[in-house]
$ cat query.cif   # mmCIF, C-alpha atoms
data_structure
loop_
_atom_site.group_PDB
_atom_site.id
_atom_site.type_symbol
_atom_site.label_atom_id
_atom_site.label_comp_id
_atom_site.auth_asym_id
_atom_site.auth_seq_id
_atom_site.Cartn_x
_atom_site.Cartn_y
_atom_site.Cartn_z
ATOM 1 C CA MET R 161 -45.178 -5.471 -45.311
ATOM 2 C CA GLN R 162 -42.956 -6.940 -47.963
ATOM 3 C CA ALA R 163 -39.313 -8.005 -47.619
ATOM 4 C CA ILE R 164 -37.208 -6.212 -50.200
ATOM 5 C CA GLU R 165 -33.614 -6.662 -51.264
ATOM 6 C CA ASN R 166 -31.801 -4.815 -54.015
ATOM 7 C CA ILE R 167 -29.390 -6.283 -56.593
ATOM 8 C CA THR R 168 -25.932 -4.733 -56.523
ATOM 9 C CA TYR R 169 -23.724 -3.918 -59.502
ATOM 10 C CA ASP R 170 -21.499 -6.916 -58.703
ATOM 11 C CA GLU R 171 -24.494 -9.264 -58.630
ATOM 12 C CA LEU R 172 -25.772 -8.245 -62.084
ATOM 13 C CA HIS R 173 -24.715 -10.387 -65.045
ATOM 14 C CA LEU R 174 -25.207 -10.056 -68.785
ATOM 15 C CA GLY R 175 -28.628 -11.429 -69.739
ATOM 16 C CA ASP R 176 -30.057 -11.355 -66.198
ATOM 17 C CA PHE R 177 -33.622 -10.132 -66.332
ATOM 18 C CA ALA R 178 -36.583 -9.269 -64.138
ATOM 19 C CA THR R 179 -40.247 -8.666 -64.866
ATOM 20 C CA PHE R 180 -42.828 -6.405 -63.292
ATOM 21 C CA THR R 181 -46.531 -6.736 -64.087
ATOM 22 C CA LYS R 182 -49.367 -4.329 -63.415
ATOM 23 C CA THR R 183 -52.966 -4.017 -64.564
ATOM 24 C CA LEU R 184 -53.944 -0.464 -65.399
ATOM 25 C CA THR R 185 -57.288 0.568 -63.968
ATOM 26 C CA GLU R 186 -59.252 3.783 -64.229
ATOM 27 C CA GLN R 187 -57.994 4.590 -60.730
ATOM 28 C CA GLU R 188 -54.397 4.688 -61.994
ATOM 29 C CA LEU R 189 -55.399 7.002 -64.843
ATOM 30 C CA VAL R 190 -56.862 9.462 -62.346
ATOM 31 C CA LEU R 191 -53.899 9.162 -59.971
ATOM 32 C CA PHE R 192 -51.456 9.774 -62.810
ATOM 33 C CA ALA R 193 -53.369 12.803 -63.958
ATOM 34 C CA ALA R 194 -53.397 14.181 -60.413
ATOM 35 C CA ALA R 195 -49.725 13.474 -59.829
ATOM 36 C CA SER R 196 -48.515 14.940 -63.110
ATOM 37 C CA GLY R 197 -50.952 17.836 -63.346
ATOM 38 C CA GLY R 198 -52.351 16.601 -66.645
ATOM 39 C CA LEU R 199 -55.979 16.713 -67.659
ATOM 40 C CA ASN R 200 -58.579 14.324 -66.357
ATOM 41 C CA PRO R 201 -58.474 11.692 -69.083
ATOM 42 C CA ALA R 202 -61.956 10.480 -68.196
ATOM 43 C CA ALA R 203 -63.294 13.946 -68.939
ATOM 44 C CA ILE R 204 -61.498 14.024 -72.276
ATOM 45 C CA ASP R 205 -62.764 10.561 -73.054
ATOM 46 C CA ALA R 206 -66.304 11.727 -72.381
ATOM 47 C CA LEU R 207 -66.013 14.021 -75.381
ATOM 48 C CA ASN R 208 -66.013 11.036 -77.688
ATOM 49 C CA ALA R 209 -63.702 12.980 -79.938
ATOM 50 C CA SER R 210 -63.078 11.230 -83.223
ATOM 51 C CA GLU R 211 -59.310 11.677 -82.983
ATOM 52 C CA ALA R 212 -57.002 9.638 -80.807
ATOM 53 C CA ILE R 213 -57.321 10.832 -77.237
ATOM 54 C CA PHE R 214 -55.660 10.224 -73.919
ATOM 55 C CA GLU R 215 -56.255 6.521 -73.577
ATOM 56 C CA ASP R 216 -55.176 5.786 -77.112
ATOM 57 C CA GLY R 217 -52.349 8.252 -77.211
ATOM 58 C CA ILE R 218 -50.231 9.970 -74.616
ATOM 59 C CA GLY R 219 -51.342 7.449 -72.010
ATOM 60 C CA HIS R 220 -48.666 5.067 -73.286
ATOM 61 C CA GLY R 221 -45.819 7.288 -72.388
ATOM 62 C CA MET R 222 -46.911 8.152 -68.938
ATOM 63 C CA TRP R 223 -47.849 4.618 -67.973
ATOM 64 C CA SER R 224 -45.136 2.567 -69.605
ATOM 65 C CA GLY R 225 -42.435 5.005 -68.550
ATOM 66 C CA SER R 226 -43.491 4.997 -64.958
ATOM 67 C CA LEU R 227 -43.824 1.205 -64.826
ATOM 68 C CA ILE R 228 -40.238 1.003 -66.071
ATOM 69 C CA SER R 229 -39.088 3.384 -63.352
ATOM 70 C CA ALA R 230 -41.024 1.317 -60.815
ATOM 71 C CA ALA R 231 -39.356 -1.880 -62.075
ATOM 72 C CA LEU R 232 -35.874 -0.323 -61.912
ATOM 73 C CA SER R 233 -36.416 1.214 -58.479
ATOM 74 C CA SER R 234 -38.295 -1.700 -56.902
ATOM 75 C CA VAL R 235 -37.045 -4.878 -58.563
ATOM 76 C CA MET R 236 -33.813 -4.667 -60.588
ATOM 77 C CA PRO R 237 -31.436 -3.226 -59.538
ATOM 78 C CA GLY R 238 -33.855 -1.865 -56.870
ATOM 79 C CA ALA R 239 -33.200 0.517 -53.980
ATOM 80 C CA GLY R 240 -30.109 2.653 -54.427
ATOM 81 C CA SER R 241 -30.332 2.816 -58.239
ATOM 82 C CA ILE R 242 -30.049 6.090 -60.133
ATOM 83 C CA GLN R 243 -31.669 6.366 -63.554
ATOM 84 C CA LEU R 244 -29.461 8.374 -65.930
ATOM 85 C CA GLU R 245 -31.148 7.938 -69.307
ATOM 86 C CA GLN R 246 -34.377 6.558 -70.698
ATOM 87 C CA HIS R 247 -35.089 5.950 -74.365
ATOM 88 C CA LEU R 248 -38.494 4.601 -75.297
ATOM 89 C CA LYS R 249 -40.459 3.945 -78.463
ATOM 90 C CA PHE R 250 -44.188 3.500 -78.052
ATOM 91 C CA LYS R 251 -45.442 0.770 -80.349
ATOM 92 C CA HIS R 252 -49.035 0.066 -79.462
ATOM 93 C CA GLU R 253 -51.898 1.691 -77.577
ATOM 94 C CA VAL R 254 -52.497 0.986 -73.896
ATOM 95 C CA LYS R 255 -56.063 0.918 -72.589
ATOM 96 C CA VAL R 256 -57.746 0.799 -69.216
ATOM 97 C CA GLY R 257 -57.882 -2.864 -68.187
ATOM 98 C CA ASP R 258 -54.646 -3.818 -69.973
ATOM 99 C CA THR R 259 -52.113 -5.793 -67.975
ATOM 100 C CA LEU R 260 -48.590 -4.681 -68.816
ATOM 101 C CA THR R 261 -45.451 -6.684 -68.155
ATOM 102 C CA VAL R 262 -42.158 -4.798 -68.118
ATOM 103 C CA LYS R 263 -39.088 -6.943 -68.789
ATOM 104 C CA ILE R 264 -35.696 -5.419 -68.002
ATOM 105 C CA SER R 265 -32.586 -7.329 -69.098
ATOM 106 C CA VAL R 266 -28.936 -6.530 -68.449
ATOM 107 C CA LYS R 267 -27.536 -5.535 -71.851
ATOM 108 C CA GLU R 268 -24.120 -4.212 -70.876
ATOM 109 C CA LYS R 269 -22.113 -3.615 -67.708
ATOM 110 C CA LEU R 270 -20.140 -0.403 -68.005
ATOM 111 C CA GLU R 271 -17.602 1.496 -65.917
ATOM 112 C CA ARG R 272 -18.452 3.337 -62.727
ATOM 113 C CA GLN R 273 -21.347 0.999 -61.781
ATOM 114 C CA ARG R 274 -23.286 1.940 -64.895
ATOM 115 C CA VAL R 275 -25.533 -0.732 -66.378
ATOM 116 C CA SER R 276 -27.494 -0.558 -69.599
ATOM 117 C CA PHE R 277 -30.820 -2.429 -69.552
ATOM 118 C CA GLU R 278 -32.896 -3.469 -72.532
ATOM 119 C CA VAL R 279 -36.548 -2.740 -71.788
ATOM 120 C CA GLU R 280 -39.634 -4.332 -73.332
ATOM 121 C CA VAL R 281 -43.250 -3.829 -72.309
ATOM 122 C CA HIS R 282 -45.886 -6.304 -73.508
ATOM 123 C CA ASN R 283 -49.626 -6.367 -72.891
ATOM 124 C CA GLN R 284 -51.735 -9.394 -71.930
ATOM 125 C CA GLU R 285 -51.985 -10.395 -75.602
ATOM 126 C CA GLU R 286 -48.173 -10.523 -75.927
ATOM 127 C CA THR R 287 -48.245 -7.410 -78.110
ATOM 128 C CA LEU R 288 -45.167 -5.217 -77.712
ATOM 129 C CA VAL R 289 -46.428 -1.827 -76.478
ATOM 130 C CA ALA R 290 -43.078 -0.143 -75.777
ATOM 131 C CA ALA R 291 -39.382 -0.891 -76.168
ATOM 132 C CA GLY R 292 -36.184 0.923 -75.361
ATOM 133 C CA GLU R 293 -33.186 1.198 -73.118
ATOM 134 C CA SER R 294 -32.411 2.460 -69.619
ATOM 135 C CA LEU R 295 -29.011 3.581 -68.373
ATOM 136 C CA VAL R 296 -28.754 3.186 -64.618
ATOM 137 C CA VAL R 297 -26.136 3.547 -61.888
ATOM 138 C CA ALA R 298 -26.543 0.260 -60.004
ATOM 139 C CA PRO R 299 -26.148 0.271 -56.228
ATOM 140 C CA ARG R 300 -22.810 -0.675 -54.706
ATOM 141 C CA LYS R 301 -24.226 -1.765 -51.347
ATOM 142 C CA LYS R 302 -26.742 -4.465 -50.521
ATOM 143 C CA ILE R 303 -29.902 -3.075 -48.919
ATOM 144 C CA HIS R 304 -32.506 -5.225 -47.131
ATOM 145 C CA PHE R 305 -35.665 -3.726 -45.732
ATOM 146 C CA GLU R 306 -39.344 -4.230 -45.108
ATOM 147 C CA ALA R 307 -41.408 -2.121 -47.503
ATOM 148 C CA GLN R 308 -44.370 -0.531 -45.796
ATOM 149 C CA ASP R 309 -47.752 -0.522 -47.469
ATOM 150 C CA LEU R 310 -48.766 2.719 -49.147
ATOM 151 C CA PRO R 311 -51.335 4.857 -47.346
ATOM 152 C CA ARG R 312 -54.919 4.158 -48.439
ATOM 153 C CA ILE R 313 -56.007 6.422 -51.275
ATOM 154 C CA LYS R 314 -59.667 7.289 -51.781
ATOM 155 C CA ILE R 315 -60.967 8.815 -55.009
ATOM 156 C CA GLU R 316 -64.214 10.683 -54.356
ATOM 157 C CA CYS R 317 -66.494 10.490 -57.372
ATOM 158 C CA MET U 96 -63.790 23.942 -65.269
ATOM 159 C CA GLN U 97 -61.078 25.125 -67.618
ATOM 160 C CA ALA U 98 -61.414 25.985 -71.314
ATOM 161 C CA ILE U 99 -58.969 23.904 -73.333
ATOM 162 C CA GLU U 100 -57.948 24.077 -76.955
ATOM 163 C CA ASN U 101 -55.349 21.927 -78.677
ATOM 164 C CA ILE U 102 -52.731 23.096 -81.207
ATOM 165 C CA THR U 103 -52.958 21.332 -84.567
ATOM 166 C CA TYR U 104 -50.064 20.214 -86.762
ATOM 167 C CA ASP U 105 -50.733 23.122 -89.151
ATOM 168 C CA GLU U 106 -50.610 25.639 -86.310
ATOM 169 C CA LEU U 107 -47.201 24.492 -85.015
ATOM 170 C CA HIS U 108 -44.142 26.397 -86.250
ATOM 171 C CA LEU U 109 -40.417 25.870 -85.795
ATOM 172 C CA GLY U 110 -39.338 27.400 -82.476
ATOM 173 C CA ASP U 111 -42.842 27.598 -80.990
ATOM 174 C CA PHE U 112 -42.709 26.586 -77.358
ATOM 175 C CA ALA U 113 -44.883 26.030 -74.336
ATOM 176 C CA THR U 114 -44.110 25.618 -70.649
ATOM 177 C CA PHE U 115 -45.764 23.606 -67.920
ATOM 178 C CA THR U 116 -44.876 24.107 -64.254
ATOM 179 C CA LYS U 117 -45.640 21.927 -61.267
ATOM 180 C CA THR U 118 -44.446 21.750 -57.676
ATOM 181 C CA LEU U 119 -43.796 18.220 -56.508
ATOM 182 C CA THR U 120 -45.221 17.465 -53.099
ATOM 183 C CA GLU U 121 -45.136 14.357 -50.948
ATOM 184 C CA GLN U 122 -48.698 13.686 -52.118
ATOM 185 C CA GLU U 123 -47.497 13.298 -55.722
ATOM 186 C CA LEU U 124 -44.781 10.881 -54.614
ATOM 187 C CA VAL U 125 -47.396 8.667 -52.980
ATOM 188 C CA LEU U 126 -49.784 8.933 -55.943
ATOM 189 C CA PHE U 127 -47.017 8.005 -58.366
ATOM 190 C CA ALA U 128 -46.018 5.038 -56.282
ATOM 191 C CA ALA U 129 -49.650 3.872 -56.137
ATOM 192 C CA ALA U 130 -50.245 4.399 -59.844
ATOM 193 C CA SER U 131 -47.071 2.682 -61.004
ATOM 194 C CA GLY U 132 -46.960 -0.065 -58.394
ATOM 195 C CA GLY U 133 -43.560 1.063 -57.134
ATOM 196 C CA LEU U 134 -42.502 1.098 -53.531
ATOM 197 C CA ASN U 135 -43.610 3.725 -51.046
ATOM 198 C CA PRO U 136 -40.711 6.148 -51.355
ATOM 199 C CA ALA U 137 -41.429 7.602 -47.932
ATOM 200 C CA ALA U 138 -40.849 4.172 -46.415
ATOM 201 C CA ILE U 139 -37.567 3.816 -48.278
ATOM 202 C CA ASP U 140 -36.559 7.298 -47.235
ATOM 203 C CA ALA U 141 -37.201 6.364 -43.627
ATOM 204 C CA LEU U 142 -34.337 3.890 -43.849
ATOM 205 C CA ASN U 143 -31.857 6.724 -44.079
ATOM 206 C CA ALA U 144 -29.783 4.525 -46.324
ATOM 207 C CA SER U 145 -26.415 6.014 -47.097
ATOM 208 C CA GLU U 146 -26.768 5.384 -50.831
ATOM 209 C CA ALA U 147 -28.892 7.400 -53.204
ATOM 210 C CA ILE U 148 -32.527 6.444 -52.749
ATOM 211 C CA PHE U 149 -35.850 7.155 -54.355
ATOM 212 C CA GLU U 150 -35.956 10.891 -53.957
ATOM 213 C CA ASP U 151 -32.412 11.361 -55.119
ATOM 214 C CA GLY U 152 -32.511 8.754 -57.806
ATOM 215 C CA ILE U 153 -35.236 7.066 -59.752
ATOM 216 C CA GLY U 154 -37.679 9.783 -58.752
ATOM 217 C CA HIS U 155 -36.335 11.921 -61.587
ATOM 218 C CA GLY U 156 -37.407 9.589 -64.287
ATOM 219 C CA MET U 157 -40.875 8.995 -63.077
ATOM 220 C CA TRP U 158 -41.617 12.614 -62.327
ATOM 221 C CA SER U 159 -39.928 14.417 -65.178
ATOM 222 C CA GLY U 160 -41.181 11.911 -67.722
ATOM 223 C CA SER U 161 -44.743 12.172 -66.601
ATOM 224 C CA LEU U 162 -44.650 15.992 -66.485
ATOM 225 C CA ILE U 163 -43.468 15.914 -70.096
ATOM 226 C CA SER U 164 -46.338 13.620 -71.072
ATOM 227 C CA ALA U 165 -48.724 15.951 -69.215
ATOM 228 C CA ALA U 166 -47.303 18.961 -71.078
ATOM 229 C CA LEU U 167 -47.638 17.217 -74.457
ATOM 230 C CA SER U 168 -51.140 15.921 -73.779
ATOM 231 C CA SER U 169 -52.515 19.019 -72.045
ATOM 232 C CA VAL U 170 -50.685 22.017 -73.499
ATOM 233 C CA MET U 171 -48.740 21.490 -76.752
ATOM 234 C CA PRO U 172 -49.929 19.966 -79.023
ATOM 235 C CA GLY U 173 -52.624 18.928 -76.496
ATOM 236 C CA ALA U 174 -55.666 16.694 -76.961
ATOM 237 C CA GLY U 175 -55.396 14.341 -79.923
ATOM 238 C CA SER U 176 -51.595 13.970 -79.752
ATOM 239 C CA ILE U 177 -49.890 10.585 -79.856
ATOM 240 C CA GLN U 178 -46.451 10.198 -78.290
ATOM 241 C CA LEU U 179 -44.238 7.933 -80.419
ATOM 242 C CA GLU U 180 -40.806 8.275 -78.821
ATOM 243 C CA GLN U 181 -39.273 9.759 -75.690
ATOM 244 C CA HIS U 182 -35.564 10.190 -75.086
ATOM 245 C CA LEU U 183 -34.492 11.677 -71.778
ATOM 246 C CA LYS U 184 -31.253 12.260 -69.911
ATOM 247 C CA PHE U 185 -31.563 12.938 -66.204
ATOM 248 C CA LYS U 186 -29.096 15.601 -65.152
ATOM 249 C CA HIS U 187 -29.876 16.562 -61.583
ATOM 250 C CA GLU U 188 -31.794 15.205 -58.603
ATOM 251 C CA VAL U 189 -35.421 16.172 -57.992
ATOM 252 C CA LYS U 190 -36.669 16.524 -54.417
ATOM 253 C CA VAL U 191 -40.009 16.948 -52.702
ATOM 254 C CA GLY U 192 -40.808 20.649 -52.749
ATOM 255 C CA ASP U 193 -39.018 21.317 -56.064
ATOM 256 C CA THR U 194 -40.956 23.260 -58.682
ATOM 257 C CA LEU U 195 -40.237 21.892 -62.151
ATOM 258 C CA THR U 196 -40.847 23.754 -65.392
ATOM 259 C CA VAL U 197 -41.055 21.675 -68.564
ATOM 260 C CA LYS U 198 -40.321 23.595 -71.770
ATOM 261 C CA ILE U 199 -41.265 21.911 -75.047
ATOM 262 C CA SER U 200 -40.129 23.574 -78.284
ATOM 263 C CA VAL U 201 -40.902 22.601 -81.876
ATOM 264 C CA LYS U 202 -37.580 21.338 -83.269
ATOM 265 C CA GLU U 203 -38.692 19.869 -86.576
ATOM 266 C CA LYS U 204 -41.923 19.341 -88.489
ATOM 267 C CA LEU U 205 -41.865 16.001 -90.274
ATOM 268 C CA GLU U 206 -44.114 14.091 -92.666
ATOM 269 C CA ARG U 207 -47.387 12.497 -91.648
ATOM 270 C CA GLN U 208 -48.133 15.060 -88.879
ATOM 271 C CA ARG U 209 -45.042 14.035 -86.939
ATOM 272 C CA VAL U 210 -43.361 16.755 -84.878
ATOM 273 C CA SER U 211 -40.110 16.504 -82.966
ATOM 274 C CA PHE U 212 -39.986 18.561 -79.760
ATOM 275 C CA GLU U 213 -36.919 19.559 -77.798
ATOM 276 C CA VAL U 214 -37.624 19.084 -74.097
ATOM 277 C CA GLU U 215 -35.931 20.746 -71.133
ATOM 278 C CA VAL U 216 -36.906 20.523 -67.489
ATOM 279 C CA HIS U 217 -35.521 23.080 -65.019
ATOM 280 C CA ASN U 218 -36.061 23.389 -61.281
ATOM 281 C CA GLN U 219 -36.797 26.596 -59.322
ATOM 282 C CA GLU U 220 -33.064 27.380 -59.191
ATOM 283 C CA GLU U 221 -32.803 27.271 -63.004
ATOM 284 C CA THR U 222 -30.825 24.029 -62.805
ATOM 285 C CA LEU U 223 -31.400 21.695 -65.745
ATOM 286 C CA VAL U 224 -32.795 18.464 -64.263
ATOM 287 C CA ALA U 225 -33.658 16.638 -67.495
ATOM 288 C CA ALA U 226 -33.293 17.144 -71.241
ATOM 289 C CA GLY U 227 -34.278 15.208 -74.303
ATOM 290 C CA GLU U 228 -36.585 14.887 -77.245
ATOM 291 C CA SER U 229 -40.169 13.772 -77.880
ATOM 292 C CA LEU U 230 -41.545 12.536 -81.189
ATOM 293 C CA VAL U 231 -45.268 13.137 -81.412
ATOM 294 C CA VAL U 232 -48.067 12.785 -83.957
ATOM 295 C CA ALA U 233 -49.750 16.186 -83.713
ATOM 296 C CA PRO U 234 -53.532 16.376 -84.046
ATOM 297 C CA ARG U 235 -55.058 17.221 -87.404
ATOM 298 C CA LYS U 236 -58.320 18.603 -86.007
ATOM 299 C CA LYS U 237 -58.922 21.496 -83.661
ATOM 300 C CA ILE U 238 -60.558 20.384 -80.408
ATOM 301 C CA HIS U 239 -62.171 22.804 -77.923
ATOM 302 C CA PHE U 240 -63.613 21.601 -74.662
ATOM 303 C CA GLU U 241 -64.148 22.358 -71.010
ATOM 304 C CA ALA U 242 -61.847 20.263 -68.850
ATOM 305 C CA GLN U 243 -63.594 18.933 -65.768
ATOM 306 C CA ASP U 244 -61.847 19.013 -62.429
ATOM 307 C CA LEU U 245 -60.345 15.738 -61.279
ATOM 308 C CA PRO U 246 -62.229 13.842 -58.565
ATOM 309 C CA ARG U 247 -61.016 14.699 -55.055
ATOM 310 C CA ILE U 248 -58.291 12.350 -53.867
ATOM 311 C CA LYS U 249 -57.772 11.655 -50.174
ATOM 312 C CA ILE U 250 -54.631 10.031 -48.813
ATOM 313 C CA GLU U 251 -55.329 8.381 -45.453
ATOM 314 C CA CYS U 252 -52.285 8.561 -43.224
#

$ encode --input "query.cif" --output "structure tokens"
Amino acid sequence: MQAIENITYDELHLGDFATFTKTLTEQELVLFAAASGGLNPAAIDALNASEAIFEDGIGHGMWSGSLISAALSSVMPGAGSIQLEQHLKFKHEVKVGDTLTVKISVKEKLERQRVSFEVEVHNQEETLVAAGESLVVAPRKKIHFEAQDLPRIKIEC
Amino acid sequence: MQAIENITYDELHLGDFATFTKTLTEQELVLFAAASGGLNPAAIDALNASEAIFEDGIGHGMWSGSLISAALSSVMPGAGSIQLEQHLKFKHEVKVGDTLTVKISVKEKLERQRVSFEVEVHNQEETLVAAGESLVVAPRKKIHFEAQDLPRIKIEC
């Protein structure tokens, strides 16, 4: 159990930022593939194709994008947020074992609870792997709650 | 096992399109949360908060974005593609049980194997839930392979 509190529109100020860090394991690759209906990246990898493949290519988008959504929905502004737009440029490959840190910073407070966030994702070597902008409706009301742990997930090999 | 073939840069023509359809179940919600490190949306849902919560809000981004990456990496152009940019506007909520169809259409063929795709995501009621654009490096070489099934995943409740 984890005590969670969101950040309301009124509490957000220009330049405020939050970070969210996650190491990407082979388990996540498989879970992403299952959740999105994509191919099993491990199977593609096994081909040893000479061209860029999942881990060097499309993997970026799926991973970085979903870490950003996780950061917006879990950390800042957190519960009660609605993501309206996401613009992302992928700058560098992401590999199994990389630890990504998403930094979201308040860039502009707009009308009707809308907030524009600057987004940067760096790996453990401080290399920028993705950058862009998120437009979000920030929550009006404060929400406190205890987050329950996720169910246990077993991947049968 | 599933026979897979990618679509090379030379084989892509203006207006060519592909679709990718997936029904979003509670299992995917949990897998996404586990893979991205976000909160357990079911736990948040249980709060019955009056404001928009995971399923009505941030869920869009995570789901639609990753279906688009799956479509680009698995269908068109498929294996060997590299996603460079993703721009998305979220237009309508996505709920557990919704069946989303991603349509990716060749909008422009650019230099250095770059291809811009128009992206639209509709639900089972033909409502547009997300729209945007993907910039991709399309593969130069044809790749044929047999995709292996994903390992079995068990969620322990």

$ residues_around --input "query.cif" --residues "stretch 201-213 of chain U" --least-positions-apart "4" --cutoff "8 Å" --atoms "all atoms listed in the file" --output "number ranges by chain"
U: 104, 107-112, 226-235

$ closest_residue --input "query.cif" --among "U:Leu162, U:Leu119, U:Ala174, U:Val224" --to "U:Ile199" --atoms "all atoms listed in the file"
U:Leu162

$ residues_near_point --input "query.cif" --point "(-44.0, -0.6, -75.8)" --cutoff "6 Å" --atoms "all atoms listed in the file" --output "list of chain:residue names"
R:Phe250, R:Lys251, R:Val281, R:Leu288, R:Val289, R:Ala290, R:Ala291

$ closest_residue --input "query.cif" --among "R:Glu306, R:Glu245, R:Glu165, R:Glu171" --to "chain U" --atoms "all atoms listed in the file"
R:Glu245

$ atom_distance --input "query.cif" --atom1 "atom CA of U:Gln181" --atom2 "atom CA of U:Gln122"
25.7 Å

$ atom_distance --input "query.cif" --atom1 "atom CA of R:Lys314" --atom2 "atom CA of U:Lys117"
22.4 Å

$ resolve_selection --input "query.cif" --expression "the PyMOL selection byres ((chain U and resi 169) around 9)" --output "list of chain:residue names"
R:Gly197, R:Gly198, R:Leu199, U:Ile99, U:Glu100, U:Asn101, U:Ser164, U:Ala165, U:Ala166, U:Leu167, U:Ser168, U:Val170, U:Met171, U:Pro172, U:Gly173, U:Ala174

$ atom_distance --input "query.cif" --atom1 "atom CA of R:Ile228" --atom2 "atom CA of U:Gly175"
24.5 Å

$ resolve_selection --input "query.cif" --expression "the PyMOL selection byres ((chain R and resi 181) around 8)" --output "PyMOL selection string"
chain R and resi 179-180+182-183+259-262

$ axis_aligned_box --input "query.cif" --around "stretch 233-248 of chain R" --padding-each-side "4 Å" --output "lines of an AutoDock Vina configuration file"
center_x = -34.0
center_y = 1.7
center_z = -64.6
size_x = 17.0
size_y = 21.3
size_z = 29.3

$ closest_residue --input "query.cif" --among "R:Ile167, R:Leu189, R:Ala178, R:Val279" --to "chain U" --atoms "all atoms listed in the file"
R:Leu189

$ decode --input "query.cif" --residues "stretch 162-173 of chain R" --atoms "N, CA, C and O atoms" --output "compact mmCIF listing (two decimals), in the first residue's frame"
# COMPACT_ATOMS: atom_id res chain seq x y z
N GLN R 162 0.40 2.26 -0.67
CA GLN R 162 1.20 3.45 -0.89
C GLN R 162 0.24 4.64 -0.79
O GLN R 162 -0.80 4.65 -1.45
N ALA R 163 0.58 5.62 0.04
CA ALA R 163 -0.30 6.78 0.17
C ALA R 163 -0.10 7.71 -1.02
O ALA R 163 1.03 8.06 -1.35
N ILE R 164 -1.19 8.06 -1.66
CA ILE R 164 -1.11 8.85 -2.89
C ILE R 164 -1.96 10.12 -2.73
O ILE R 164 -3.01 10.10 -2.11
N GLU R 165 -1.46 11.18 -3.31
CA GLU R 165 -2.17 12.45 -3.28
C GLU R 165 -1.95 13.12 -4.63
O GLU R 165 -0.83 13.10 -5.15
N ASN R 166 -2.98 13.66 -5.21
CA ASN R 166 -2.76 14.32 -6.50
C ASN R 166 -2.36 15.79 -6.29
O ASN R 166 -2.30 16.28 -5.16
N ILE R 167 -2.06 16.48 -7.38
CA ILE R 167 -1.70 17.90 -7.33
C ILE R 167 -2.74 18.64 -8.16
O ILE R 167 -2.89 18.36 -9.36
N THR R 168 -3.48 19.53 -7.55
CA THR R 168 -4.58 20.19 -8.26
C THR R 168 -4.06 21.31 -9.17
O THR R 168 -2.92 21.74 -9.03
N TYR R 169 -4.94 21.76 -10.04
CA TYR R 169 -4.61 22.87 -10.94
C TYR R 169 -4.09 24.07 -10.15
O TYR R 169 -3.06 24.67 -10.50
N ASP R 170 -4.79 24.41 -9.06
CA ASP R 170 -4.39 25.58 -8.26
C ASP R 170 -3.02 25.43 -7.62
O ASP R 170 -2.34 26.42 -7.35
N GLU R 171 -2.63 24.18 -7.35
CA GLU R 171 -1.35 23.94 -6.68
C GLU R 171 -0.16 23.91 -7.65
O GLU R 171 0.99 23.85 -7.21
N LEU R 172 -0.43 23.88 -8.95
CA LEU R 172 0.66 23.80 -9.93
C LEU R 172 1.17 25.20 -10.27
O LEU R 172 0.38 26.13 -10.47
N HIS R 173 2.49 25.36 -10.29
CA HIS R 173 3.09 26.65 -10.61
C HIS R 173 4.12 26.49 -11.72
O HIS R 173 4.75 25.44 -11.83
